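J.: Coordinates in final15.cif, mmCIF, C-alpha atoms, are listed below.
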data_structure
loop_
_atom_site.label_atom_id
_atom_site.label_comp_id
_atom_site.auth_asym_id
_atom_site.auth_seq_id
_atom_site.Cartn_x
_atom_site.Cartn_y
_atom_site.Cartn_z
CA MET A 178 46.32 18.22 -16.37
CA PRO A 179 43.36 19.47 -14.34
CA ALA A 180 41.14 22.00 -16.05
CA LEU A 181 40.93 25.42 -14.49
CA SER A 182 37.42 26.26 -13.30
CA GLN A 183 35.81 29.10 -11.42
CA MET A 184 36.00 27.00 -8.27
CA SER A 185 39.68 26.04 -8.64
CA GLN A 186 41.85 27.13 -5.75
CA PRO A 187 45.23 28.02 -7.22
CA ARG A 188 48.45 28.00 -5.25
CA LEU A 189 52.18 28.03 -5.89
CA ALA A 190 53.29 24.55 -7.01
CA PRO A 191 55.50 22.42 -4.74
CA GLY A 192 59.05 23.72 -4.75
CA CYS A 193 58.02 27.25 -5.70
CA ARG A 194 58.21 30.06 -3.20
CA TRP A 195 58.38 33.80 -2.98
CA GLY A 196 61.67 35.59 -2.78
CA ASN A 197 62.86 39.06 -3.39
CA GLN A 198 65.68 40.84 -5.04
CA GLY A 199 65.73 44.23 -3.45
CA GLU A 200 62.33 45.72 -4.16
CA GLN A 201 61.63 43.20 -6.88
CA GLN A 202 59.33 40.28 -6.06
CA VAL A 203 60.36 36.97 -7.58
CA VAL A 204 59.10 33.41 -7.53
CA LEU A 205 61.92 30.91 -7.04
CA PHE A 206 61.81 27.28 -8.09
CA PRO A 207 64.29 24.52 -9.00
CA GLU A 208 66.65 25.73 -11.69
CA GLY A 209 65.08 29.12 -12.07
CA MET A 210 62.95 32.05 -11.10
CA ILE A 211 60.48 34.49 -12.57
CA ARG A 212 60.12 38.15 -11.82
CA VAL A 213 56.58 39.21 -11.22
CA GLN A 214 55.10 42.65 -11.14
CA GLY A 215 51.90 44.56 -11.68
CA THR A 216 48.71 42.59 -12.12
CA GLY A 217 50.61 39.30 -12.49
CA GLN A 218 52.02 39.79 -9.02
CA GLY A 219 48.54 40.79 -7.85
CA ILE A 220 47.07 37.53 -9.11
CA LEU A 221 49.85 35.32 -7.73
CA GLU A 222 49.68 36.91 -4.31
CA LEU A 223 46.04 35.95 -4.13
CA CYS A 224 46.79 32.32 -5.04
CA ASP A 225 46.75 31.06 -1.46
CA VAL A 226 44.79 27.77 -1.79
CA LYS A 227 41.88 29.36 0.08
CA ARG A 228 40.59 31.72 -2.60
CA THR A 229 38.82 30.39 -5.68
CA VAL A 230 39.43 31.77 -9.15
CA GLN A 231 36.04 33.46 -8.86
CA GLU A 232 37.04 35.18 -5.63
CA ILE A 233 40.36 36.29 -7.07
CA VAL A 234 38.55 37.80 -10.06
CA ALA A 235 36.16 39.60 -7.72
CA THR A 236 39.06 40.99 -5.67
CA LEU A 237 40.93 42.16 -8.76
CA SER A 238 37.80 43.62 -10.36
CA SER A 239 37.11 45.69 -7.29
CA ARG A 240 40.75 46.71 -7.05
CA TYR A 241 40.73 47.89 -10.64
CA GLY A 242 37.28 49.45 -10.64
CA ALA A 243 36.96 49.98 -14.37
CA ALA A 244 37.94 46.42 -15.28
CA ASP A 245 35.40 44.20 -17.00
CA PRO A 246 35.05 41.00 -14.90
CA VAL A 247 34.72 38.86 -18.04
CA LYS A 248 38.00 40.22 -19.34
CA VAL A 249 39.64 39.82 -15.92
CA THR A 250 38.49 36.17 -15.80
CA GLU A 251 39.90 35.52 -19.26
CA ASP A 252 43.23 37.15 -18.53
CA GLU A 253 43.59 35.53 -15.15
CA SER A 254 42.77 32.08 -16.51
CA ARG A 255 45.27 32.41 -19.33
CA PHE A 256 47.93 33.58 -16.88
CA LEU A 257 47.31 30.74 -14.42
CA GLU A 258 47.17 28.09 -17.13
CA ALA A 259 50.49 29.27 -18.57
CA LEU A 260 52.10 29.12 -15.12
CA GLN A 261 50.58 25.71 -14.45
CA ARG A 262 52.20 24.33 -17.60
CA LYS A 263 55.52 25.58 -16.28
CA ARG A 264 54.91 23.89 -12.91
CA ILE A 265 54.80 27.19 -11.06
CA VAL A 266 51.12 27.12 -10.15
CA ASP A 267 48.86 24.22 -9.18
CA TYR A 268 45.08 24.17 -8.94
CA MET B 45 73.38 38.23 2.91
CA SER B 46 74.39 37.71 6.51
CA PRO B 47 78.02 38.05 7.63
CA ASP B 48 77.76 34.67 9.33
CA PHE B 49 76.85 33.01 6.09
CA LEU B 50 79.75 34.65 4.32
CA LYS B 51 82.09 33.61 7.10
CA LEU B 52 80.82 30.06 6.91
CA CYS B 53 81.35 29.98 3.15
CA SER B 54 84.78 31.45 3.47
CA GLU B 55 85.84 28.96 6.12
CA ASN B 56 84.65 26.12 3.97
CA GLY B 57 86.43 27.25 0.89
CA LEU B 58 83.34 28.57 -0.78
CA TRP B 59 83.65 31.74 -2.73
CA ILE B 60 80.84 34.07 -3.46
CA THR B 61 81.91 36.59 -5.98
CA ASN B 62 80.50 39.50 -7.81
CA ASP B 63 81.46 38.93 -11.39
CA SER B 64 79.79 41.93 -12.89
CA LYS B 65 83.22 43.55 -12.97
CA PRO B 66 85.77 40.78 -12.65
CA THR B 67 89.06 42.18 -11.48
CA GLY B 68 91.10 39.06 -10.96
CA ALA B 69 91.72 40.14 -7.40
CA ASP B 70 90.37 38.41 -4.33
CA ARG B 71 86.66 38.69 -4.91
CA ARG B 72 85.49 37.62 -1.52
CA GLY B 73 85.18 41.24 -0.52
CA HIS B 74 82.49 41.73 -3.09
CA ALA B 75 80.31 39.00 -1.74
CA SER B 76 77.58 41.14 -0.31
CA LEU B 77 76.95 42.99 -3.54
CA PRO B 78 73.58 42.22 -5.08
CA ALA B 79 75.12 40.93 -8.28
CA THR B 80 75.80 37.58 -9.84
CA LEU B 81 76.43 34.79 -7.40
CA ARG B 82 79.28 32.48 -8.09
CA LEU B 83 79.90 29.86 -5.55
CA LEU B 84 82.77 27.45 -5.85
CA LEU B 85 83.62 24.47 -3.79
CA GLN B 86 87.26 25.41 -3.84
CA SER B 87 89.18 22.23 -4.24
CA SER B 88 92.13 22.97 -1.99
CA ALA B 89 89.88 23.69 0.94
CA VAL B 90 87.43 20.86 0.62
CA GLY B 91 89.79 18.16 -0.61
CA CYS B 92 90.74 17.16 2.88
CA ASN B 93 87.19 17.03 4.14
CA GLU B 94 85.39 13.78 4.87
CA GLY B 95 88.04 11.41 3.71
CA GLY B 96 88.73 13.14 0.45
CA THR B 97 85.41 12.67 -1.25
CA PHE B 98 85.99 15.99 -2.92
CA HIS B 99 89.03 15.87 -5.13
CA ARG B 100 91.11 18.64 -6.43
CA GLY B 101 89.78 20.03 -9.67
CA MET B 102 86.66 17.92 -9.49
CA GLY B 103 84.60 20.47 -11.27
CA PRO B 104 82.74 22.45 -8.69
CA ARG B 105 79.50 23.82 -9.87
CA VAL B 106 78.93 27.46 -10.20
CA SER B 107 75.67 28.98 -9.26
CA ARG B 108 74.74 32.21 -10.81
CA SER B 109 71.70 34.29 -11.16
CA GLU B 110 72.72 36.58 -13.97
CA SER B 111 72.18 40.24 -13.36
CA LEU B 112 69.25 39.66 -11.06
CA GLY B 113 71.38 39.09 -8.01
CA VAL B 114 71.99 36.31 -5.58
CA LEU B 115 69.02 34.02 -5.41
CA HIS B 116 70.12 30.40 -5.58
CA LEU B 117 72.63 28.39 -3.61
CA HIS B 118 73.71 25.17 -5.34
CA LEU B 119 75.41 22.57 -3.20
CA THR B 120 77.02 20.06 -5.46
CA GLY B 121 80.38 18.55 -6.13
CA GLY B 122 81.56 15.88 -5.84
CA GLU B 123 79.11 14.59 -3.33
CA PRO B 124 77.90 17.27 -0.94
CA ALA B 125 76.26 14.65 1.29
CA ALA B 126 79.80 13.57 2.21
CA ARG B 127 80.27 16.82 4.11
CA ALA B 128 79.49 16.67 7.79
CA ASP B 129 78.66 20.38 7.74
CA LEU B 130 76.13 20.17 4.92
CA LYS B 131 73.31 21.11 7.25
CA ASP B 132 75.16 24.22 8.42
CA LEU B 133 75.63 25.33 4.84
CA ILE B 134 71.93 24.91 4.19
CA VAL B 135 71.03 26.82 7.34
CA GLY B 136 73.38 29.62 6.24
CA GLY B 137 71.92 29.77 2.75
CA HIS B 138 68.39 29.66 4.03
CA GLN B 139 69.01 32.43 6.53
CA ALA B 140 70.50 34.51 3.75
CA GLY B 141 67.23 34.13 1.86
CA LEU B 142 68.69 31.93 -0.86
CA TYR B 143 66.85 29.12 -2.58
CA THR B 144 68.94 26.15 -1.52
CA ASN B 145 69.56 23.35 -4.00
CA LEU B 146 71.21 20.04 -3.16
CA ILE B 147 72.51 18.04 -6.11
CA THR B 148 73.34 14.60 -4.84
CA SER B 149 73.75 10.92 -5.66
CA TRP B 150 71.88 10.28 -2.39
CA LEU B 151 74.45 7.72 -1.39
CA GLY B 152 75.27 8.65 2.15
CA LEU B 153 71.98 10.43 2.61
CA SER B 154 69.63 8.56 4.91
CA GLU B 155 65.97 9.35 5.32
CA ALA B 156 66.61 10.75 8.78
CA ARG B 157 69.38 13.00 7.52
CA LEU B 158 67.22 14.23 4.66
CA ALA B 159 64.51 15.12 7.18
CA GLY B 160 67.07 17.21 9.06
CA LEU B 161 68.19 19.00 5.92
CA VAL B 162 64.64 19.85 4.93
CA LYS B 163 64.01 21.16 8.42
CA ALA B 164 67.16 23.26 8.07
CA GLY B 165 65.63 24.99 5.05
CA LEU B 166 66.52 22.88 2.03
CA ASP B 167 64.30 23.96 -0.87
CA HIS B 168 65.20 21.50 -3.58
CA ILE B 169 66.88 18.16 -3.97
CA GLN B 170 68.07 16.74 -7.27
CA LEU B 171 68.86 13.11 -7.76
CA SER B 172 70.68 11.52 -10.67
CA PHE B 173 69.63 8.25 -12.21
CA GLN B 174 71.91 6.45 -14.61
CA ASP B 175 69.23 4.27 -16.13
CA SER B 176 65.78 2.83 -15.65
CA ARG B 177 67.24 -0.67 -15.59
CA ASP B 178 69.09 -1.81 -12.51
CA GLU B 179 71.79 -3.72 -14.33
CA LEU B 180 72.67 -0.91 -16.75
CA ALA B 181 72.56 1.68 -13.98
CA ARG B 182 75.01 -0.38 -11.95
CA TRP B 183 77.25 -0.86 -14.95
CA ILE B 184 77.51 2.80 -15.89
CA ALA B 185 77.71 4.10 -12.31
CA GLY B 186 80.19 1.48 -11.20
CA ALA B 187 78.26 1.27 -7.95
CA ASP B 188 75.16 -0.43 -6.66
CA GLY B 189 72.88 2.37 -5.60
CA HIS B 190 69.97 2.18 -8.02
CA THR B 191 67.55 0.29 -5.80
CA TYR B 192 68.39 2.39 -2.78
CA LYS B 193 67.80 5.58 -4.74
CA ILE B 194 64.41 4.41 -5.99
CA ALA B 195 63.36 3.54 -2.46
CA LEU B 196 64.36 6.94 -1.14
CA ALA B 197 62.86 8.76 -4.13
CA LYS B 198 59.50 7.15 -3.45
CA LYS B 199 59.52 8.59 0.05
CA ILE B 200 60.46 12.08 -1.02
CA ARG B 201 56.86 13.29 -1.17
CA GLN B 202 56.65 12.96 2.59
CA PHE B 203 58.98 15.93 2.78
CA GLN B 204 58.23 19.52 1.98
CA VAL B 205 60.93 19.85 -0.63
CA ALA B 206 61.07 20.24 -4.40
CA PHE B 207 62.30 17.14 -6.16
CA THR B 208 63.96 16.92 -9.56
CA VAL B 209 65.67 14.09 -11.39
CA ASN B 210 68.70 14.16 -13.60
CA LEU B 211 68.70 11.37 -16.13
CA VAL B 212 72.10 10.58 -17.57
CA VAL B 213 71.74 9.55 -21.20
CA HIS B 214 74.32 8.18 -23.62
CA ARG B 215 74.78 5.79 -26.49
CA GLN B 216 74.23 2.69 -24.35
CA ASN B 217 70.83 3.69 -23.01
CA LEU B 218 69.27 6.13 -25.46
CA ASP B 219 67.53 3.35 -27.35
CA HIS B 220 65.15 2.99 -24.42
CA ILE B 221 64.66 6.66 -23.68
CA GLU B 222 60.86 6.21 -23.62
CA GLU B 223 61.21 3.61 -20.89
CA MET B 224 63.49 5.93 -18.93
CA ILE B 225 61.03 8.80 -19.19
CA GLU B 226 58.26 6.53 -17.90
CA PHE B 227 60.55 5.45 -15.08
CA VAL B 228 61.16 9.07 -14.09
CA GLU B 229 57.46 9.88 -14.42
CA GLN B 230 56.68 7.29 -11.73
CA LEU B 231 58.97 9.12 -9.34
CA GLN B 232 56.84 12.25 -9.78
CA PRO B 233 59.54 14.90 -9.84
CA GLU B 234 58.90 18.54 -10.65
CA ILE B 235 61.53 18.63 -13.38
CA ALA B 236 63.44 15.94 -15.23
CA HIS B 237 66.64 16.63 -17.09
CA ALA B 238 67.95 14.38 -19.80
CA GLN B 239 71.48 15.22 -20.61
CA TYR B 240 74.69 13.88 -22.02
CA TYR B 241 77.96 14.94 -20.41
CA GLY B 242 80.76 12.79 -21.69
CA TRP B 243 83.58 15.19 -22.15
CA ALA B 244 86.63 12.99 -22.48
CA LEU B 245 87.63 11.88 -25.95
CA ARG B 246 88.09 8.35 -24.62
CA ASN B 247 84.40 8.26 -23.77
CA ARG B 248 83.24 9.30 -27.15
CA ASP B 249 82.98 5.97 -28.91
CA ALA B 250 81.19 4.32 -26.01
CA LEU B 251 78.96 7.16 -24.86
CA LEU B 252 78.35 9.73 -27.58
CA PRO B 253 74.89 9.12 -29.04
CA THR B 254 74.60 8.54 -32.75
CA SER B 255 72.81 11.24 -34.71
CA GLN B 256 69.93 8.79 -35.26
CA GLN B 257 69.65 8.17 -31.52
CA LEU B 258 69.68 11.87 -30.88
CA GLU B 259 66.93 12.45 -33.41
CA ASN B 260 64.78 9.71 -31.88
CA CYS B 261 65.48 11.00 -28.39
CA LEU B 262 64.49 14.55 -29.20
CA ARG B 263 61.24 13.26 -30.68
CA ALA B 264 60.55 11.13 -27.60
CA VAL B 265 61.29 14.07 -25.31
CA GLU B 266 59.03 16.33 -27.32
CA GLU B 267 56.17 13.82 -27.08
CA ALA B 268 56.73 13.42 -23.36
CA GLN B 269 56.83 17.18 -22.87
CA LEU B 270 53.37 17.45 -24.42
CA ARG B 271 52.00 14.44 -22.54
CA LEU B 272 53.38 15.53 -19.18
CA ALA B 273 52.78 19.29 -19.48
CA GLY B 274 51.86 20.62 -16.07
CA LYS B 275 52.91 17.37 -14.36
CA VAL B 276 56.60 16.96 -15.02
CA GLN B 277 58.69 19.48 -16.89
CA ILE B 278 61.34 17.87 -19.07
CA ASP B 279 64.47 19.69 -20.14
CA SER B 280 66.95 18.12 -22.50
CA VAL B 281 70.45 19.19 -23.37
CA VAL B 282 71.86 18.45 -26.83
CA PRO B 283 75.43 17.12 -26.72
CA ASP B 284 77.92 19.73 -27.85
CA TYR B 285 79.09 17.43 -30.62
CA TYR B 286 75.72 17.88 -32.27
CA ALA B 287 74.98 21.43 -31.22
CA ARG B 288 75.76 24.34 -33.46
CA TYR B 289 77.79 25.99 -30.72
CA PRO B 290 79.19 24.43 -27.58
CA LYS B 291 77.34 25.58 -24.51
CA ALA B 292 79.10 27.47 -21.77
CA TRP B 293 79.82 25.23 -18.84
CA ALA B 294 77.21 25.69 -16.11
CA GLY B 295 75.97 28.75 -17.94
CA GLY B 296 79.33 30.43 -18.35
CA ALA B 297 81.56 29.41 -15.49
CA GLY B 298 84.62 29.51 -17.70
CA ALA B 299 84.41 33.28 -17.66
CA LEU B 300 85.49 33.22 -14.04
CA CYS B 301 89.05 32.14 -14.76
#
As structure tokens - that is how I would like this structure written.
T.:
Amino acid sequence: MPALSQMSQPRLAPGCRWGNQGEQQVVLFPEGMIRVQGTGQGILELCDVKRTVQEIVATLSSRYGAADPVKVTEDESRFLEALQRKRIVDY
Amino acid sequence: MSPDFLKLCSENGLWITNDSKPTGADRRGHASLPATLRLLLQSSAVGCNEGGTFHRGMGPRVSRSESLGVLHLHLTGGEPAARADLKDLIVGGHQAGLYTNLITSWLGLSEARLAGLVKAGLDHIQLSFQDSRDELARWIAGADGHTYKIALAKKIRQFQVAFTVNLVVHRQNLDHIEEMIEFVEQLQPEIAHAQYYGWALRNRDALLPTSQQLENCLRAVEEAQLRLAGKVQIDSVVPDYYARYPKAWAGGAGALC
């Protein structure tokens, strides 16, 4: 399993794609789906292969002005690592 | 969901029903409701298709997405690749915004045809393997498709499609479950399922795993899950005989009847 670094460029894993259920955003994959909302959705939407983890943190930190970048980095990393273990995100 | 897709399903004997309030009446009228999807390959309608590959009562699979609404289309059977209109069904599902799943033996599915299906919007293809060993696979399947399947599986990464493997396990092959997991690992699927489905009483003596085999298997699966975390996800299904409660078929399809 590759380690997540500041320079990793996360993306949805093969077989995973966006879908929606009414207003609700979901990520669909074989045998299942997850509903995403709030900051989780914010992070995943920025996982476009082009942006690095560092850039995603910077975008989120500026979006949520009062957020501590160190805390944002920690939370984002934990989130992406959990999704990578479930084969929803690759980096 | 588009009217065309519904029409296509209807003409092909596929039912999409809203089962949030089952009434027992014709449920086709409820199809556009954003509720649970249930899609049946209705045996009377498909039995005459493609030389009778689909048989009456063959156990169509039900796709459902709980209370979240219609999200997945499962094309299974039987052998969906035997249908000449498979591509049309995939196009319809894709246009309706559904995640389209094809569960197939791959026999009757050439590389060229697969390319066409992927182009039509197929999201996911699942392939069953009966064993890691050619001879045992041939014996349990009663057909010689193992080598062909491996060859096609190795080409699957050329296509933009999710790939999962269903590994059929039973008393005759569980003693080399580690070897089978390694076999599947080489095929690099997103998800591997290891499951036992031997419903008939007549099958029990030959196919039902012993409790010792089951224990060993669960340990092997657990080790593989740790080792392959983030690479291949492995799901395993405990045979009902050893489960505390029998599982609902396909997540609760029995509730439909």
J.: Restrict the distance test to all atoms listed in the file, flag each residue of chain B within 7 Å of chain A, and return the flagged residues as a ChimeraX atom specification.
T.: /B:113,143,167-168,205-206,273-275,277
J.: Leaving out Glu226 in chain B and any residue of its chain fewer than 3 positions from it, which residues lie within 12 Å of it when counting only C-alpha atoms, given as a PyMOL selection string?
T.: chain B and resi 175-177+211+220-223+229-233+236+264-265+267-269+271-272+276+278
J.: Just to be explicit: take each residue in the selection above, keep C-alpha atoms, and write the result as a compact mmCIF listing (two decimals), in the coordinates of the input.
T.:
# COMPACT_ATOMS: atom_id res chain seq x y z
CA ASP B 175 69.23 4.27 -16.13
CA SER B 176 65.78 2.83 -15.65
CA ARG B 177 67.24 -0.67 -15.59
CA LEU B 211 68.70 11.37 -16.13
CA HIS B 220 65.15 2.99 -24.42
CA ILE B 221 64.66 6.66 -23.68
CA GLU B 222 60.86 6.21 -23.62
CA GLU B 223 61.21 3.61 -20.89
CA GLU B 229 57.46 9.88 -14.42
CA GLN B 230 56.68 7.29 -11.73
CA LEU B 231 58.97 9.12 -9.34
CA GLN B 232 56.84 12.25 -9.78
CA PRO B 233 59.54 14.90 -9.84
CA ALA B 236 63.44 15.94 -15.23
CA ALA B 264 60.55 11.13 -27.60
CA VAL B 265 61.29 14.07 -25.31
CA GLU B 267 56.17 13.82 -27.08
CA ALA B 268 56.73 13.42 -23.36
CA GLN B 269 56.83 17.18 -22.87
CA ARG B 271 52.00 14.44 -22.54
CA LEU B 272 53.38 15.53 -19.18
CA VAL B 276 56.60 16.96 -15.02
CA ILE B 278 61.34 17.87 -19.07
J.: Which residues would end up in the selection if the PyMOL selection byres ((chain B and resi 251) around 8) were applied here, given that I need the answer as a ChimeraX atom specification?
T.: /B:214-216,242,247-250,252-253
J.: Give as a PyMOL selection string the set of residues within 12 Å of the point (37.7, 32.6, -18.9), where distances use the file's coordinates and all atoms listed in the file.
T.: chain A and resi 180-183+230-231+234+245-258
J.: The PyMOL selection byres ((chain A and resi 224) around 8) - which residues does that actually catch in the file I just gave you? List them as a list in words.
T.: Gln186, Pro187, Arg188, Leu189, Ile220, Leu221, Glu222, Leu223, Asp225, Val226, Lys227, Arg228 and Ile233 of chain A
J.: Name every residue that the PyMOL selection byres ((chain B and resi 144-153) around 9) selects in this structure, writing the answer as a ChimeraX atom specification with chains first and numbers rising.
T.: /A:207-208 /B:115-126,134,137-138,141-143,154-158,165-173,189,192-193,196
